[in-house]
file my_file32.cif (mmCIF, C-alpha atoms)
data_entry
#
loop_
_atom_site.label_atom_id
_atom_site.label_comp_id
_atom_site.auth_asym_id
_atom_site.auth_seq_id
_atom_site.Cartn_x
_atom_site.Cartn_y
_atom_site.Cartn_z
CA MET A 1 -16.31 27.30 -9.76
CA ILE A 2 -13.79 24.56 -10.37
CA LYS A 3 -16.52 21.95 -10.68
CA SER A 4 -18.63 24.03 -13.07
CA ARG A 5 -15.62 24.86 -15.26
CA ARG A 6 -14.52 21.22 -15.22
CA LYS A 7 -17.98 20.12 -16.34
CA GLU A 8 -18.08 22.80 -19.07
CA LYS A 9 -14.86 21.30 -20.45
CA GLN A 10 -16.43 17.83 -20.12
CA PHE A 11 -13.54 16.68 -17.93
CA SER A 12 -14.04 13.96 -15.36
CA GLN A 13 -12.55 14.45 -11.92
CA LYS A 14 -10.01 11.76 -12.85
CA HIS A 15 -9.01 13.60 -16.03
CA LEU A 16 -8.49 16.88 -14.17
CA ALA A 17 -6.60 15.03 -11.45
CA ASP A 18 -4.29 13.55 -14.07
CA LEU A 19 -3.69 17.01 -15.58
CA LEU A 20 -2.89 18.42 -12.12
CA ASP A 21 -0.82 15.38 -11.15
CA VAL A 22 -2.94 14.69 -8.05
CA ASP A 23 -5.43 11.97 -7.13
CA ARG A 24 -9.14 12.20 -7.88
CA GLN A 25 -9.97 12.60 -4.20
CA TYR A 26 -7.94 15.82 -4.11
CA VAL A 27 -10.02 17.24 -6.97
CA TRP A 28 -13.18 16.28 -5.07
CA ARG A 29 -11.85 18.08 -1.98
CA LEU A 30 -11.02 21.17 -4.09
CA GLU A 31 -14.49 21.23 -5.59
CA ASN A 32 -16.15 20.84 -2.20
CA GLY A 33 -14.14 23.46 -0.33
CA LYS A 34 -12.27 20.94 1.81
CA VAL A 35 -8.85 22.27 0.75
CA ASN A 36 -7.48 25.77 1.20
CA LEU A 37 -6.41 26.72 -2.29
CA THR A 38 -3.30 28.88 -2.72
CA MET A 39 -3.13 31.43 -5.50
CA ASP A 40 -0.25 29.49 -7.10
CA TYR A 41 -2.31 26.32 -7.18
CA LEU A 42 -5.36 28.20 -8.42
CA ASP A 43 -3.21 29.46 -11.31
CA LYS A 44 -2.31 25.85 -12.12
CA VAL A 45 -6.00 24.85 -12.11
CA ILE A 46 -6.90 27.81 -14.33
CA ILE A 47 -4.21 26.88 -16.84
CA LYS A 48 -5.26 23.22 -16.95
CA LEU A 49 -8.92 24.18 -17.41
CA ASN A 50 -7.93 26.78 -20.03
CA CYS A 51 -9.88 29.52 -18.25
CA LEU A 52 -9.22 33.09 -17.21
CA ASN A 53 -8.41 34.37 -13.73
CA LYS A 54 -11.53 36.53 -13.83
CA ASP A 55 -13.61 33.33 -14.08
CA PHE A 56 -12.52 32.44 -10.54
CA ILE A 57 -11.76 35.69 -8.76
CA VAL A 58 -14.64 37.99 -7.92
CA ILE A 59 -13.77 41.55 -7.02
CA PRO A 60 -16.70 43.35 -5.41
CA LYS A 61 -17.69 46.68 -6.88
CA GLU A 62 -17.50 49.63 -4.55
CA VAL A 63 -20.83 51.05 -3.55
#
call {"tool": "encode", "arguments": {"input": "my_file32.cif", "output": "structure tokens"}}
result
Amino acid sequence: MIKSRRKEKQFSQKHLADLLDVDRQYVWRLENGKVNLTMDYLDKVIIKLNCLNKDFIVIPKEV
């Protein structure tokens, strides 16, 4: 989801990395599931991408 939202905003990995104050490789690892993302850090990503929590968190409907 991070990658698709980043591309929607037309941000490069470098631009998002600069916004998050991390290196570009860290953004690549985030986008490719190589990093365990904490909720606090997810909030930071959501703010920098100007998205909503619901764009990233899927709550299954009860059957």
call {"tool": "resolve_selection", "arguments": {"input": "my_file32.cif", "expression": "the PyMOL selection byres ((chain A and resi 14-19) around 12)", "output": "PyMOL selection string"}}
result
chain A and resi 2-3+5-7+9-13+20-31+44-50
call {"tool": "atom_distance", "arguments": {"input": "my_file32.cif", "atom1": "CA of Ile57 (chain A)", "atom2": "CA of Val35 (chain A)"}}
result
16.7 Å
call {"tool": "atom_distance", "arguments": {"input": "my_file32.cif", "atom1": "CA of Ile59 (chain A)", "atom2": "CA of Glu8 (chain A)"}}
result
22.7 Å
call {"tool": "decode", "arguments": {"input": "my_file32.cif", "residues": "chain A", "atoms": "C-alpha atoms", "output": "mmCIF file, in the first residue's frame"}}
result
data_model
loop_
_atom_site.group_PDB
_atom_site.id
_atom_site.type_symbol
_atom_site.label_atom_id
_atom_site.label_comp_id
_atom_site.auth_asym_id
_atom_site.auth_seq_id
_atom_site.Cartn_x
_atom_site.Cartn_y
_atom_site.Cartn_z
ATOM 1 C CA MET A 1 0.000 0.000 0.000
ATOM 2 C CA ILE A 2 2.838 2.381 0.739
ATOM 3 C CA LYS A 3 4.215 2.012 -2.770
ATOM 4 C CA SER A 4 0.852 2.532 -4.462
ATOM 5 C CA ARG A 5 0.058 5.592 -2.324
ATOM 6 C CA ARG A 6 3.544 6.987 -2.939
ATOM 7 C CA LYS A 7 3.083 6.592 -6.690
ATOM 8 C CA GLU A 8 -0.387 8.190 -6.555
ATOM 9 C CA LYS A 9 1.244 11.234 -4.960
ATOM 10 C CA GLN A 10 3.957 11.086 -7.639
ATOM 11 C CA PHE A 11 6.660 10.870 -4.971
ATOM 12 C CA SER A 12 9.934 9.138 -5.682
ATOM 13 C CA GLN A 13 11.332 6.799 -3.057
ATOM 14 C CA LYS A 14 13.988 9.446 -2.396
ATOM 15 C CA HIS A 15 11.370 12.151 -1.846
ATOM 16 C CA LEU A 16 9.421 10.002 0.617
ATOM 17 C CA ALA A 17 12.672 9.040 2.330
ATOM 18 C CA ASP A 18 13.522 12.716 2.751
ATOM 19 C CA LEU A 19 10.071 13.409 4.223
ATOM 20 C CA LEU A 20 10.476 10.502 6.666
ATOM 21 C CA ASP A 21 14.097 11.407 7.436
ATOM 22 C CA VAL A 22 15.375 7.960 6.406
ATOM 23 C CA ASP A 23 17.421 6.691 3.475
ATOM 24 C CA ARG A 24 15.882 5.534 0.204
ATOM 25 C CA GLN A 25 16.812 1.920 0.920
ATOM 26 C CA TYR A 26 14.614 1.997 4.028
ATOM 27 C CA VAL A 27 11.633 3.096 1.926
ATOM 28 C CA TRP A 28 12.370 0.238 -0.496
ATOM 29 C CA ARG A 29 12.435 -2.208 2.431
ATOM 30 C CA LEU A 30 9.123 -0.799 3.736
ATOM 31 C CA GLU A 31 7.487 -1.167 0.340
ATOM 32 C CA ASN A 32 8.749 -4.721 -0.074
ATOM 33 C CA GLY A 33 7.800 -6.019 3.366
ATOM 34 C CA LYS A 34 11.391 -6.329 4.580
ATOM 35 C CA VAL A 35 10.744 -4.164 7.658
ATOM 36 C CA ASN A 36 8.268 -4.769 10.453
ATOM 37 C CA LEU A 37 6.306 -1.551 10.579
ATOM 38 C CA THR A 38 5.121 -0.270 13.962
ATOM 39 C CA MET A 39 1.812 1.534 14.259
ATOM 40 C CA ASP A 40 3.644 4.714 15.302
ATOM 41 C CA TYR A 41 5.798 4.617 12.193
ATOM 42 C CA LEU A 42 2.803 3.769 10.023
ATOM 43 C CA ASP A 43 1.128 6.908 11.381
ATOM 44 C CA LYS A 44 4.178 8.921 10.322
ATOM 45 C CA VAL A 45 4.033 7.435 6.804
ATOM 46 C CA ILE A 46 0.299 8.150 6.570
ATOM 47 C CA ILE A 47 0.830 11.775 7.581
ATOM 48 C CA LYS A 48 3.673 12.289 5.097
ATOM 49 C CA LEU A 49 1.630 10.726 2.277
ATOM 50 C CA ASN A 50 -1.429 12.761 3.333
ATOM 51 C CA CYS A 51 -3.616 9.648 3.469
ATOM 52 C CA LEU A 52 -6.113 8.188 5.899
ATOM 53 C CA ASN A 53 -5.578 5.297 8.307
ATOM 54 C CA LYS A 54 -8.357 3.386 6.569
ATOM 55 C CA ASP A 55 -6.255 3.419 3.381
ATOM 56 C CA PHE A 56 -3.731 1.154 5.106
ATOM 57 C CA ILE A 57 -5.620 -0.809 7.739
ATOM 58 C CA VAL A 58 -8.070 -3.445 6.586
ATOM 59 C CA ILE A 59 -10.560 -4.691 9.135
ATOM 60 C CA PRO A 60 -12.278 -7.876 7.994
ATOM 61 C CA LYS A 61 -16.045 -7.922 8.082
ATOM 62 C CA GLU A 62 -17.601 -10.548 10.292
ATOM 63 C CA VAL A 63 -19.354 -13.307 8.446
#
